[in-house]
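Pasting coords.cif here (mmCIF, C-alpha atoms):
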data_target
loop_
_atom_site.label_atom_id
_atom_site.label_comp_id
_atom_site.auth_asym_id
_atom_site.auth_seq_id
_atom_site.Cartn_x
_atom_site.Cartn_y
_atom_site.Cartn_z
CA MET S 1 52.97 -61.13 -3.81
CA ILE S 2 53.36 -57.45 -4.56
CA HIS S 3 55.05 -55.61 -1.66
CA ILE S 4 54.61 -51.87 -1.12
CA ASN S 5 56.37 -50.28 1.84
CA HIS S 6 55.63 -47.11 3.81
CA GLN S 7 57.97 -44.86 1.84
CA GLU S 8 56.56 -46.12 -1.46
CA ILE S 9 53.03 -45.33 -0.23
CA LEU S 10 54.14 -41.78 0.64
CA ASN S 11 55.71 -41.43 -2.83
CA MET S 12 52.58 -42.55 -4.73
CA ASP S 13 50.38 -40.15 -6.69
CA LYS S 14 47.33 -39.07 -4.70
CA ILE S 15 44.57 -41.01 -6.54
CA PRO S 16 46.24 -44.45 -6.58
CA ARG S 17 47.24 -43.92 -2.93
CA LEU S 18 43.66 -43.04 -1.96
CA ASN S 19 42.33 -46.09 -3.81
CA LEU S 20 44.92 -48.47 -2.33
CA ILE S 21 44.80 -47.32 1.28
CA ASN S 22 41.02 -46.93 1.36
CA SER S 23 40.57 -50.52 0.18
CA CYS S 24 43.36 -52.30 2.04
CA THR S 25 41.61 -52.47 5.43
CA GLY S 26 38.70 -54.57 4.10
CA TYR S 27 35.00 -53.95 3.65
CA LYS S 28 33.45 -50.97 5.40
CA SER S 29 29.95 -50.21 6.66
CA ALA S 30 27.74 -48.22 4.28
CA ASN S 31 25.55 -45.68 6.05
CA LEU S 32 23.90 -42.35 5.47
CA ILE S 33 24.20 -40.00 8.43
CA GLY S 34 21.28 -37.60 8.72
CA SER S 35 21.45 -34.35 10.70
CA ILE S 36 19.84 -30.94 10.96
CA SER S 37 21.18 -27.48 11.75
CA ALA S 38 19.83 -25.28 14.54
CA ASP S 39 17.95 -23.28 11.89
CA GLY S 40 16.38 -26.36 10.34
CA ILE S 41 18.48 -27.16 7.26
CA THR S 42 18.78 -30.91 6.84
CA ASN S 43 21.92 -32.74 5.76
CA VAL S 44 22.58 -36.30 4.70
CA ALA S 45 26.01 -37.72 3.89
CA VAL S 46 27.53 -41.11 3.14
CA PHE S 47 29.94 -42.52 5.74
CA SER S 48 31.95 -45.75 5.57
CA SER S 49 33.44 -45.59 9.07
CA VAL S 50 30.50 -46.28 11.40
CA THR S 51 31.75 -48.92 13.84
CA HIS S 52 30.25 -50.91 16.71
CA LEU S 53 31.73 -49.74 20.00
CA GLY S 54 29.77 -51.56 22.65
CA SER S 55 26.39 -53.11 23.44
CA ASN S 56 25.85 -52.13 27.06
CA PRO S 57 25.56 -49.18 26.94
CA PRO S 58 24.80 -49.26 23.20
CA LEU S 59 27.45 -47.09 21.53
CA LEU S 60 28.80 -46.56 18.04
CA GLY S 61 31.61 -44.47 16.63
CA PHE S 62 32.53 -42.91 13.30
CA VAL S 63 35.45 -40.99 11.87
CA LEU S 64 34.98 -37.46 10.65
CA ARG S 65 37.33 -35.08 8.87
CA PRO S 66 36.08 -31.68 9.97
CA THR S 67 38.00 -29.82 7.29
CA THR S 68 36.76 -31.83 4.31
CA VAL S 69 33.45 -33.13 2.99
CA PRO S 70 31.25 -33.83 6.02
CA ARG S 71 31.75 -30.51 7.84
CA ASN S 72 28.01 -29.77 7.69
CA THR S 73 27.39 -33.00 9.57
CA PHE S 74 29.84 -31.98 12.28
CA GLN S 75 28.40 -28.50 12.73
CA ASN S 76 24.87 -29.90 12.87
CA LEU S 77 25.59 -32.52 15.47
CA LYS S 78 27.35 -29.97 17.65
CA GLU S 79 24.34 -27.69 17.34
CA THR S 80 21.49 -30.15 17.82
CA ARG S 81 23.33 -33.09 19.52
CA GLU S 82 21.48 -35.68 17.42
CA PHE S 83 22.15 -37.67 14.27
CA THR S 84 20.74 -40.70 12.50
CA VAL S 85 22.49 -43.69 10.93
CA ASN S 86 20.65 -45.27 8.00
CA HIS S 87 21.72 -48.43 6.15
CA ILE S 88 22.32 -48.00 2.44
CA HIS S 89 20.57 -50.73 0.44
CA ALA S 90 21.36 -51.83 -3.08
CA GLY S 91 18.59 -49.70 -4.61
CA MET S 92 19.92 -46.40 -3.29
CA ILE S 93 23.68 -46.56 -3.90
CA ALA S 94 23.77 -43.91 -6.66
CA ASP S 95 21.92 -41.35 -4.54
CA ALA S 96 23.91 -42.31 -1.45
CA HIS S 97 27.21 -41.80 -3.26
CA HIS S 98 26.07 -38.45 -4.62
CA THR S 99 25.75 -37.11 -1.06
CA SER S 100 29.57 -37.00 -0.96
CA ALA S 101 29.50 -34.01 -3.34
CA LYS S 102 30.53 -30.79 -1.62
CA TYR S 103 27.36 -28.76 -1.31
CA PRO S 104 27.38 -25.56 0.75
CA GLY S 105 25.75 -25.68 4.18
CA GLN S 106 22.51 -23.98 3.09
CA VAL S 107 21.83 -26.73 0.51
CA SER S 108 20.25 -29.98 1.69
CA GLU S 109 21.38 -33.14 -0.08
CA PHE S 110 17.76 -34.30 0.31
CA ASP S 111 16.91 -31.67 -2.34
CA LYS S 112 19.64 -32.88 -4.71
CA THR S 113 18.82 -36.60 -4.65
CA ASN S 114 15.78 -38.87 -4.49
CA LEU S 115 16.45 -39.43 -0.77
CA GLU S 116 13.60 -38.23 1.46
CA PRO S 117 13.84 -37.12 5.09
CA LEU S 118 11.65 -38.83 7.66
CA PHE S 119 10.90 -37.20 11.02
CA ARG S 120 9.41 -39.26 13.84
CA ASP S 121 9.00 -39.73 17.57
CA GLY S 122 10.16 -36.20 18.40
CA PHE S 123 13.69 -36.75 17.13
CA LYS S 124 15.15 -33.59 15.59
CA ALA S 125 17.54 -35.24 13.11
CA PRO S 126 15.98 -36.70 9.95
CA TYR S 127 16.03 -40.41 9.18
CA VAL S 128 16.31 -41.50 5.55
CA ASP S 129 12.93 -42.74 4.39
CA GLY S 130 13.14 -46.21 2.84
CA ALA S 131 16.32 -47.21 4.65
CA LYS S 132 15.53 -50.65 6.08
CA ILE S 133 17.53 -50.21 9.28
CA GLN S 134 17.55 -46.77 10.92
CA ILE S 135 19.24 -45.68 14.14
CA GLY S 136 18.73 -42.47 16.11
CA CYS S 137 21.79 -41.40 18.12
CA SER S 138 22.64 -38.70 20.60
CA TYR S 139 26.09 -37.13 20.35
CA VAL S 140 28.17 -38.15 23.36
CA ASN S 141 31.79 -37.21 22.84
CA GLN S 142 34.60 -36.67 20.34
CA TYR S 143 38.22 -37.72 20.39
CA SER S 144 40.71 -35.75 18.35
CA ILE S 145 43.12 -38.07 16.52
CA GLU S 146 46.29 -36.05 16.75
CA GLU S 147 48.07 -38.11 14.08
CA ASN S 148 45.98 -36.62 11.25
CA GLY S 149 43.38 -34.24 12.68
CA CYS S 150 40.43 -36.64 12.31
CA LEU S 151 37.73 -36.78 14.93
CA PHE S 152 36.38 -40.04 16.32
CA ILE S 153 32.77 -39.26 17.21
CA ILE S 154 30.92 -41.31 19.84
CA GLY S 155 27.14 -41.71 19.63
CA SER S 156 24.70 -43.31 22.05
CA ILE S 157 22.00 -45.40 20.36
CA GLN S 158 18.59 -44.00 21.36
CA HIS S 159 16.29 -45.64 18.81
CA ILE S 160 16.52 -48.56 16.37
CA TYR S 161 13.91 -49.12 13.64
CA PHE S 162 13.81 -52.10 11.25
CA SER S 163 11.36 -54.31 9.40
CA SER S 164 10.42 -57.39 11.39
CA GLU S 165 11.46 -59.86 8.68
CA ILE S 166 15.11 -58.75 9.01
CA GLN S 167 15.52 -59.99 12.61
CA LEU S 168 16.18 -63.60 13.62
CA GLU S 169 14.91 -65.09 16.88
CA ASP S 170 18.17 -64.50 18.72
CA GLY S 171 18.14 -60.76 18.02
CA PHE S 172 20.55 -60.87 15.04
CA LEU S 173 19.73 -58.56 12.15
CA ALA S 174 20.29 -60.58 8.96
CA LEU S 175 21.70 -57.75 6.88
CA ASP S 176 21.30 -59.61 3.60
CA ARG S 177 17.54 -59.59 4.17
CA ALA S 178 17.79 -55.78 4.23
CA ASP S 179 19.91 -55.68 1.04
CA THR S 180 22.42 -53.66 3.08
CA VAL S 181 25.55 -52.98 1.04
CA THR S 182 29.18 -52.60 2.07
CA VAL S 183 31.85 -50.22 0.79
CA ASN S 184 35.06 -51.28 -1.00
CA GLY S 185 37.54 -48.42 -1.08
CA LEU S 186 36.33 -44.90 -1.81
CA ASP S 187 33.70 -45.61 -4.42
CA GLY S 188 32.87 -49.32 -4.69
CA TYR S 189 29.57 -50.72 -3.39
CA ALA S 190 29.22 -54.47 -2.88
CA LEU S 191 26.34 -56.70 -1.83
CA PRO S 192 27.10 -59.52 0.65
CA ARG S 193 25.37 -62.84 1.11
CA LEU S 194 25.65 -64.69 4.42
CA ILE S 195 27.88 -67.77 4.25
CA ASP S 196 27.63 -69.06 7.81
CA ARG S 197 27.24 -68.23 11.47
CA PHE S 198 29.31 -69.86 14.19
CA ASP S 199 28.77 -70.72 17.83
CA TYR S 200 30.57 -68.85 20.58
CA ALA S 201 34.17 -70.08 20.32
CA ARG S 202 35.62 -72.06 23.22
CA PRO S 203 39.18 -73.42 23.67
CA LYS S 204 39.70 -76.95 22.33
CA MET W 1 8.73 -51.01 11.46
CA ILE W 2 9.77 -52.41 14.79
CA HIS W 3 10.95 -49.66 17.17
CA ILE W 4 13.28 -50.36 20.09
CA ASN W 5 14.33 -47.45 22.28
CA HIS W 6 17.35 -46.94 24.52
CA GLN W 7 15.69 -48.11 27.71
CA GLU W 8 14.35 -51.24 26.00
CA ILE W 9 17.88 -52.03 24.76
CA LEU W 10 19.20 -51.71 28.33
CA ASN W 11 16.41 -54.00 29.56
CA MET W 12 17.11 -56.77 27.02
CA ASP W 13 18.75 -60.06 27.92
CA LYS W 14 22.47 -60.09 27.18
CA ILE W 15 22.57 -62.40 24.14
CA PRO W 16 19.78 -60.78 22.09
CA ARG W 17 21.23 -57.36 22.96
CA LEU W 18 24.70 -58.44 21.80
CA ASN W 19 23.24 -59.81 18.56
CA LEU W 20 21.09 -56.75 17.87
CA ILE W 21 23.63 -54.03 18.69
CA ASN W 22 26.53 -55.81 17.01
CA SER W 23 24.56 -56.10 13.76
CA CYS W 24 22.74 -52.76 13.68
CA THR W 25 25.71 -50.65 12.50
CA GLY W 26 26.12 -52.58 9.24
CA TYR W 27 28.78 -54.82 7.80
CA LYS W 28 32.19 -54.83 9.46
CA SER W 29 35.70 -55.58 8.22
CA ALA W 30 36.95 -59.13 8.81
CA ASN W 31 40.59 -59.30 9.74
CA LEU W 32 43.01 -61.42 11.71
CA ILE W 33 45.45 -59.39 13.77
CA GLY W 34 48.79 -61.11 14.27
CA SER W 35 51.21 -60.19 17.05
CA ILE W 36 54.07 -61.61 19.08
CA SER W 37 55.14 -61.21 22.70
CA ALA W 38 58.60 -60.05 23.78
CA ASP W 39 59.46 -63.68 24.56
CA GLY W 40 58.34 -64.92 21.15
CA ILE W 41 54.84 -66.34 21.69
CA THR W 42 52.67 -65.59 18.66
CA ASN W 43 49.02 -64.58 18.80
CA VAL W 44 46.33 -64.27 16.16
CA ALA W 45 42.80 -62.99 16.80
CA VAL W 46 39.76 -62.04 14.74
CA PHE W 47 38.76 -58.35 14.75
CA SER W 48 35.76 -56.73 13.09
CA SER W 49 36.63 -53.12 13.91
CA VAL W 50 39.63 -52.33 11.70
CA THR W 51 38.82 -48.99 10.04
CA HIS W 52 40.47 -46.74 7.48
CA LEU W 53 41.71 -43.56 9.18
CA GLY W 54 43.68 -41.75 6.52
CA SER W 55 45.78 -42.25 3.40
CA ASN W 56 48.54 -39.65 3.83
CA PRO W 57 50.05 -40.66 6.18
CA PRO W 58 48.57 -44.18 5.82
CA LEU W 59 46.81 -44.93 9.12
CA LEU W 60 44.24 -47.41 10.38
CA GLY W 61 42.44 -47.85 13.68
CA PHE W 62 40.76 -50.65 15.58
CA VAL W 63 38.80 -51.01 18.79
CA LEU W 64 40.13 -53.19 21.58
CA ARG W 65 38.62 -54.23 24.88
CA PRO W 66 41.65 -54.76 27.05
CA THR W 67 39.72 -56.65 29.69
CA THR W 68 38.12 -59.25 27.41
CA VAL W 69 39.20 -61.53 24.58
CA PRO W 70 42.05 -59.78 22.77
CA ARG W 71 44.14 -58.86 25.81
CA ASN W 72 47.08 -60.91 24.49
CA THR W 73 47.02 -58.76 21.37
CA PHE W 74 47.19 -55.60 23.46
CA GLN W 75 50.05 -56.79 25.63
CA ASN W 76 51.99 -57.94 22.57
CA LEU W 77 51.64 -54.72 20.65
CA LYS W 78 52.72 -52.71 23.68
CA GLU W 79 55.78 -54.97 24.05
CA THR W 80 56.89 -55.23 20.43
CA ARG W 81 55.13 -52.19 18.86
CA GLU W 82 54.13 -54.14 15.75
CA PHE W 83 51.07 -55.98 14.49
CA THR W 84 49.74 -57.36 11.24
CA VAL W 85 46.28 -57.09 9.66
CA ASN W 86 45.31 -60.03 7.45
CA HIS W 87 42.11 -60.28 5.38
CA ILE W 88 39.92 -63.26 6.17
CA HIS W 89 38.84 -65.04 3.00
CA ALA W 90 35.91 -67.40 2.58
CA GLY W 91 38.07 -70.51 2.96
CA MET W 92 39.34 -69.64 6.42
CA ILE W 93 36.27 -68.38 8.30
CA ALA W 94 35.95 -71.36 10.67
CA ASP W 95 39.57 -71.09 11.81
CA ALA W 96 39.36 -67.30 11.95
CA HIS W 97 36.28 -67.42 14.17
CA HIS W 98 37.91 -69.98 16.47
CA THR W 99 40.66 -67.47 17.34
CA SER W 100 38.04 -65.64 19.43
CA ALA W 101 38.20 -68.47 22.00
CA LYS W 102 39.86 -67.36 25.23
CA TYR W 103 43.22 -69.08 25.26
CA PRO W 104 45.78 -68.16 27.92
CA GLY W 105 48.71 -65.98 26.85
CA GLN W 106 51.21 -68.83 26.62
CA VAL W 107 49.07 -70.64 24.01
CA SER W 108 49.30 -69.52 20.38
CA GLU W 109 46.11 -69.67 18.33
CA PHE W 110 48.36 -70.72 15.45
CA ASP W 111 48.78 -74.05 17.29
CA LYS W 112 45.02 -74.47 17.78
CA THR W 113 43.91 -73.83 14.19
CA ASN W 114 45.11 -74.52 10.66
CA LEU W 115 46.34 -70.92 10.42
CA GLU W 116 50.11 -70.65 9.88
CA PRO W 117 52.37 -67.74 10.84
CA LEU W 118 54.51 -66.14 8.16
CA PHE W 119 57.58 -64.06 9.05
CA ARG W 120 59.18 -61.84 6.45
CA ASP W 121 61.24 -58.73 5.70
CA GLY W 122 62.48 -58.42 9.30
CA PHE W 123 59.02 -57.70 10.73
CA LYS W 124 58.64 -59.16 14.23
CA ALA W 125 54.85 -59.72 14.16
CA PRO W 126 53.62 -62.74 12.19
CA TYR W 127 51.46 -62.40 9.09
CA VAL W 128 48.84 -65.08 8.42
CA ASP W 129 50.05 -67.31 5.61
CA GLY W 130 47.50 -67.64 2.84
CA ALA W 131 45.73 -64.35 3.59
CA LYS W 132 45.46 -62.62 0.24
CA ILE W 133 45.92 -59.09 1.57
CA GLN W 134 48.37 -58.58 4.44
CA ILE W 135 49.38 -55.36 6.18
CA GLY W 136 52.28 -54.76 8.57
CA CYS W 137 51.65 -51.92 11.04
CA SER W 138 53.60 -50.13 13.70
CA TYR W 139 51.75 -49.16 16.87
CA VAL W 140 51.39 -45.37 17.02
CA ASN W 141 48.97 -44.38 19.75
CA GLN W 142 45.91 -45.35 21.76
CA TYR W 143 42.86 -43.34 22.78
CA SER W 144 40.92 -44.45 25.83
CA ILE W 145 37.17 -44.30 25.19
CA GLU W 146 35.95 -43.16 28.58
CA GLU W 147 32.33 -44.07 27.84
CA ASN W 148 33.01 -47.81 28.09
CA GLY W 149 36.71 -48.43 28.68
CA CYS W 150 37.51 -49.48 25.11
CA LEU W 151 40.75 -48.47 23.47
CA PHE W 152 40.94 -47.08 19.96
CA ILE W 153 44.36 -48.17 18.68
CA ILE W 154 46.10 -46.28 15.88
CA GLY W 155 48.50 -48.09 13.56
CA SER W 156 50.77 -46.75 10.84
CA ILE W 157 50.83 -48.88 7.69
CA GLN W 158 54.43 -49.97 7.06
CA HIS W 159 53.96 -52.77 4.52
CA ILE W 160 51.17 -53.99 2.24
CA TYR W 161 51.32 -57.36 0.46
CA PHE W 162 48.77 -58.65 -2.04
CA SER W 163 48.49 -60.79 -5.17
CA SER W 164 48.79 -58.73 -8.32
CA GLU W 165 45.46 -59.91 -9.80
CA ILE W 166 43.57 -58.22 -6.93
CA GLN W 167 44.62 -54.67 -7.87
CA LEU W 168 43.00 -52.57 -10.62
CA GLU W 169 44.95 -50.01 -12.65
CA ASP W 170 43.87 -47.08 -10.46
CA GLY W 171 45.25 -48.66 -7.29
CA PHE W 172 41.90 -50.04 -6.02
CA LEU W 173 42.04 -53.49 -4.41
CA ALA W 174 39.01 -55.41 -5.73
CA LEU W 175 38.21 -57.26 -2.53
CA ASP W 176 35.90 -59.75 -4.24
CA ARG W 177 38.90 -61.00 -6.24
CA ALA W 178 40.50 -61.81 -2.88
CA ASP W 179 37.35 -63.55 -1.58
CA THR W 180 37.57 -61.20 1.41
CA VAL W 181 34.58 -61.67 3.71
CA THR W 182 32.72 -59.21 5.91
CA VAL W 183 31.24 -59.68 9.39
CA ASN W 184 27.52 -59.45 10.23
CA GLY W 185 27.04 -59.11 13.98
CA LEU W 186 29.13 -61.20 16.34
CA ASP W 187 29.31 -64.44 14.42
CA GLY W 188 28.02 -64.10 10.83
CA TYR W 189 30.41 -64.16 7.87
CA ALA W 190 29.21 -62.92 4.49
CA LEU W 191 30.78 -62.77 1.04
CA PRO W 192 30.25 -59.58 -1.01
CA ARG W 193 30.20 -59.12 -4.75
CA LEU W 194 30.89 -55.70 -6.27
CA ILE W 195 27.79 -54.02 -7.70
CA ASP W 196 29.26 -50.79 -9.04
CA ARG W 197 31.86 -48.07 -8.64
CA PHE W 198 31.06 -44.39 -8.99
CA ASP W 199 32.99 -41.33 -10.12
CA TYR W 200 34.01 -38.64 -7.65
CA ALA W 201 30.75 -36.88 -6.80
CA ARG W 202 30.34 -33.23 -7.80
CA PRO W 203 27.43 -30.86 -7.06
CA LYS W 204 24.71 -30.86 -9.73
#

Now that the file is in, can you turn its structure into structure tokens?
Amino acid sequence: MIHINHQEILNMDKIPRLNLINSCTGYKSANLIGSISADGITNVAVFSSVTHLGSNPPLLGFVLRPTTVPRNTFQNLKETREFTVNHIHAGMIADAHHTSAKYPGQVSEFDKTNLEPLFRDGFKAPYVDGAKIQIGCSYVNQYSIEENGCLFIIGSIQHIYFSSEIQLEDGFLALDRADTVTVNGLDGYALPRLIDRFDYARPK
Amino acid sequence: MIHINHQEILNMDKIPRLNLINSCTGYKSANLIGSISADGITNVAVFSSVTHLGSNPPLLGFVLRPTTVPRNTFQNLKETREFTVNHIHAGMIADAHHTSAKYPGQVSEFDKTNLEPLFRDGFKAPYVDGAKIQIGCSYVNQYSIEENGCLFIIGSIQHIYFSSEIQLEDGFLALDRADTVTVNGLDGYALPRLIDRFDYARPK
């Protein structure tokens, strides 16, 4: 096997290092986070760090670099305390990826792509129309990761929307029925197919 | 679309709530975390929360519930300050899932599955032999998530091992060449295939 140690990673050129380190932790979730500023400018941005945090209460987290691309998202969720998480499906990966372009705060990515905002049930932040699984979250807290200045944002799940054919009888959302994709590295989008599910594991 | 709100989630029975909330955030990384206690007892456990945190310095994070399944992992990484992250491939999903069974601390999951520990290059924590991408990490920090008592653990990437045919010229690890799987919900394992990669996005 190839072996690369810590010092060799630090010595790498930026692009190969970004590609290697972004892909070495495995597949990542592929979501569009929707938000809106206090003066009504919408924002939508691709995130690959949305993570399950707990079911009771229902919480999720995501990592945000306030000084780089998603700063509009951060400002919006501090202003309006709401954001949406929308699954990226195979048919929208080009538009989803384009939301990572650095547009100024007064430009909505909804105007620069074929993605359309969807407002419903009194929620301020826009959902992404056509996303097959959509979650409305309230902003709860942020933890500053002192090692590199990232923020770990905590959201409380307020609303979940999905098409009925995606859910199995036991509550499980069969993500392959939603054509939900997953992210490989910085820029790779992959489509999974379920292999198997297993029973709750007990000692043998 | 079906709509489930926060109060309805809280009112659900435990199992359907676990299935719904664990699957609603999208696909998750599928890794085995290897560790060892100060007195030499190895541990290996499946985690679906390993997340990229940054490339320079190379950092990753994962979520740990100290009071439930992976408590041996936590104790070990506090004692020996090292852990390994090993990609789960399609051929090892049954054994990987079985590591979530609650064995007491003096029992190694390596003795209860076909998984084999691999020690190399002076690293104390065991890698998982046969995993096609393996990472050695030093424990850096932990953040206590006050909303539900979880810990967000930060690791610094010290070593990366992988087969040469997995890596593309630009540094990217093509995870489908490694048969790396992804986790859907609590207990679903899915195999992705790359659809496309995109250039760095610029405003248009």

Item checked: Interface, chain W side, toward chain S (6 Å; all atoms listed in the file) as a ChimeraX atom specification -> /W:1-6,16,18-21,23,26-29,55,98,100-101,158-163,170-173,187-198,201-203

Margin query: Which residues are near Gly40 in chain W? Cut-off 12 Å, only C-alpha atoms, ignore same chain within fewer than 6 positions. Put them as a PyMOL selection string.
Written below: chain W and resi 76+79-80+105-108+124-126

Note to self: Rounded to one decimal, what separation in Å do you get between CA of Asn114 in chain W and CA of His89 in chain W?
What the structure shows: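 Distance between the two atoms: 13.7 Å.
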
Margin query: What's the separation between CA of Asp111 in chain S and CA of Glu82 in chain S, in Å to one decimal place?
Written below: 20.7 Å

Item checked: Distance of CA of Ile153 in chain S from CA of Ile33 in chain W, expressed in Å to one decimal place ->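 Distance reported for this atom pair: 24.0 Å.
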
Next item on the list: Rank nothing, just name the residue among W:Leu77, W:Val128, W:Leu118, W:Ile166 nearest to Leu32 in chain W, using all atoms listed in the file.
Entry: W:Val128

Check: Using all atoms listed in the file, can you list as an NGL selection string the residues within 8 Å of (48.9, -58.7, 18.3)?
Finding: :W and (33-36 or 42-45 or 72-77 or 82-84 or 125)

Six-sided padding of 4 Å per side, axis-aligned box over range 120-139 of chain S, centre and edges in Å, one decimal, as JSON:
{"center_x": 17.5, "center_y": -42.1, "center_z": 11.7, "size_x": 25.1, "size_y": 25.1, "size_z": 25.8}

Starting from the incomplete input, reconstruct N, CA and C atoms of range 167-180 of chain W and write that as a PDB file, keeping the file's coordinate frame.
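Saved the output as selection38.pdb:
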ATOM      1  N   GLN W 167      44.572 -56.131  -7.714  1.00  0.00           N
ATOM      2  CA  GLN W 167      44.620 -54.670  -7.870  1.00  0.00           C
ATOM      3  C   GLN W 167      44.208 -54.216  -9.271  1.00  0.00           C
ATOM      4  N   LEU W 168      43.361 -53.197  -9.342  1.00  0.00           N
ATOM      5  CA  LEU W 168      43.000 -52.570 -10.620  1.00  0.00           C
ATOM      6  C   LEU W 168      44.023 -51.471 -10.953  1.00  0.00           C
ATOM      7  N   GLU W 169      43.940 -50.961 -12.168  1.00  0.00           N
ATOM      8  CA  GLU W 169      44.950 -50.010 -12.650  1.00  0.00           C
ATOM      9  C   GLU W 169      45.021 -48.735 -11.821  1.00  0.00           C
ATOM     10  N   ASP W 170      43.889 -48.342 -11.212  1.00  0.00           N
ATOM     11  CA  ASP W 170      43.870 -47.080 -10.460  1.00  0.00           C
ATOM     12  C   ASP W 170      44.246 -47.260  -8.985  1.00  0.00           C
ATOM     13  N   GLY W 171      44.780 -48.441  -8.647  1.00  0.00           N
ATOM     14  CA  GLY W 171      45.250 -48.660  -7.290  1.00  0.00           C
ATOM     15  C   GLY W 171      44.278 -49.426  -6.402  1.00  0.00           C
ATOM     16  N   PHE W 172      43.001 -49.408  -6.769  1.00  0.00           N
ATOM     17  CA  PHE W 172      41.900 -50.040  -6.020  1.00  0.00           C
ATOM     18  C   PHE W 172      42.149 -51.543  -5.864  1.00  0.00           C
ATOM     19  N   LEU W 173      41.998 -52.040  -4.638  1.00  0.00           N
ATOM     20  CA  LEU W 173      42.040 -53.490  -4.410  1.00  0.00           C
ATOM     21  C   LEU W 173      40.610 -54.011  -4.509  1.00  0.00           C
ATOM     22  N   ALA W 174      40.349 -54.840  -5.515  1.00  0.00           N
ATOM     23  CA  ALA W 174      39.010 -55.410  -5.730  1.00  0.00           C
ATOM     24  C   ALA W 174      38.842 -56.580  -4.769  1.00  0.00           C
ATOM     25  N   LEU W 175      38.220 -56.295  -3.632  1.00  0.00           N
ATOM     26  CA  LEU W 175      38.210 -57.260  -2.530  1.00  0.00           C
ATOM     27  C   LEU W 175      37.479 -58.551  -2.895  1.00  0.00           C
ATOM     28  N   ASP W 176      36.563 -58.489  -3.875  1.00  0.00           N
ATOM     29  CA  ASP W 176      35.900 -59.750  -4.240  1.00  0.00           C
ATOM     30  C   ASP W 176      36.852 -60.681  -4.996  1.00  0.00           C
ATOM     31  N   ARG W 177      37.899 -60.131  -5.608  1.00  0.00           N
ATOM     32  CA  ARG W 177      38.900 -61.000  -6.240  1.00  0.00           C
ATOM     33  C   ARG W 177      39.742 -61.718  -5.182  1.00  0.00           C
ATOM     34  N   ALA W 178      39.751 -61.195  -3.973  1.00  0.00           N
ATOM     35  CA  ALA W 178      40.500 -61.810  -2.880  1.00  0.00           C
ATOM     36  C   ALA W 178      39.610 -62.699  -2.013  1.00  0.00           C
ATOM     37  N   ASP W 179      38.324 -62.810  -2.393  1.00  0.00           N
ATOM     38  CA  ASP W 179      37.350 -63.550  -1.580  1.00  0.00           C
ATOM     39  C   ASP W 179      37.313 -63.070  -0.130  1.00  0.00           C
ATOM     40  N   THR W 180      37.646 -61.788   0.075  1.00  0.00           N
ATOM     41  CA  THR W 180      37.570 -61.200   1.410  1.00  0.00           C
ATOM     42  C   THR W 180      36.123 -61.227   1.896  1.00  0.00           C
TER      43      THR W 180
END
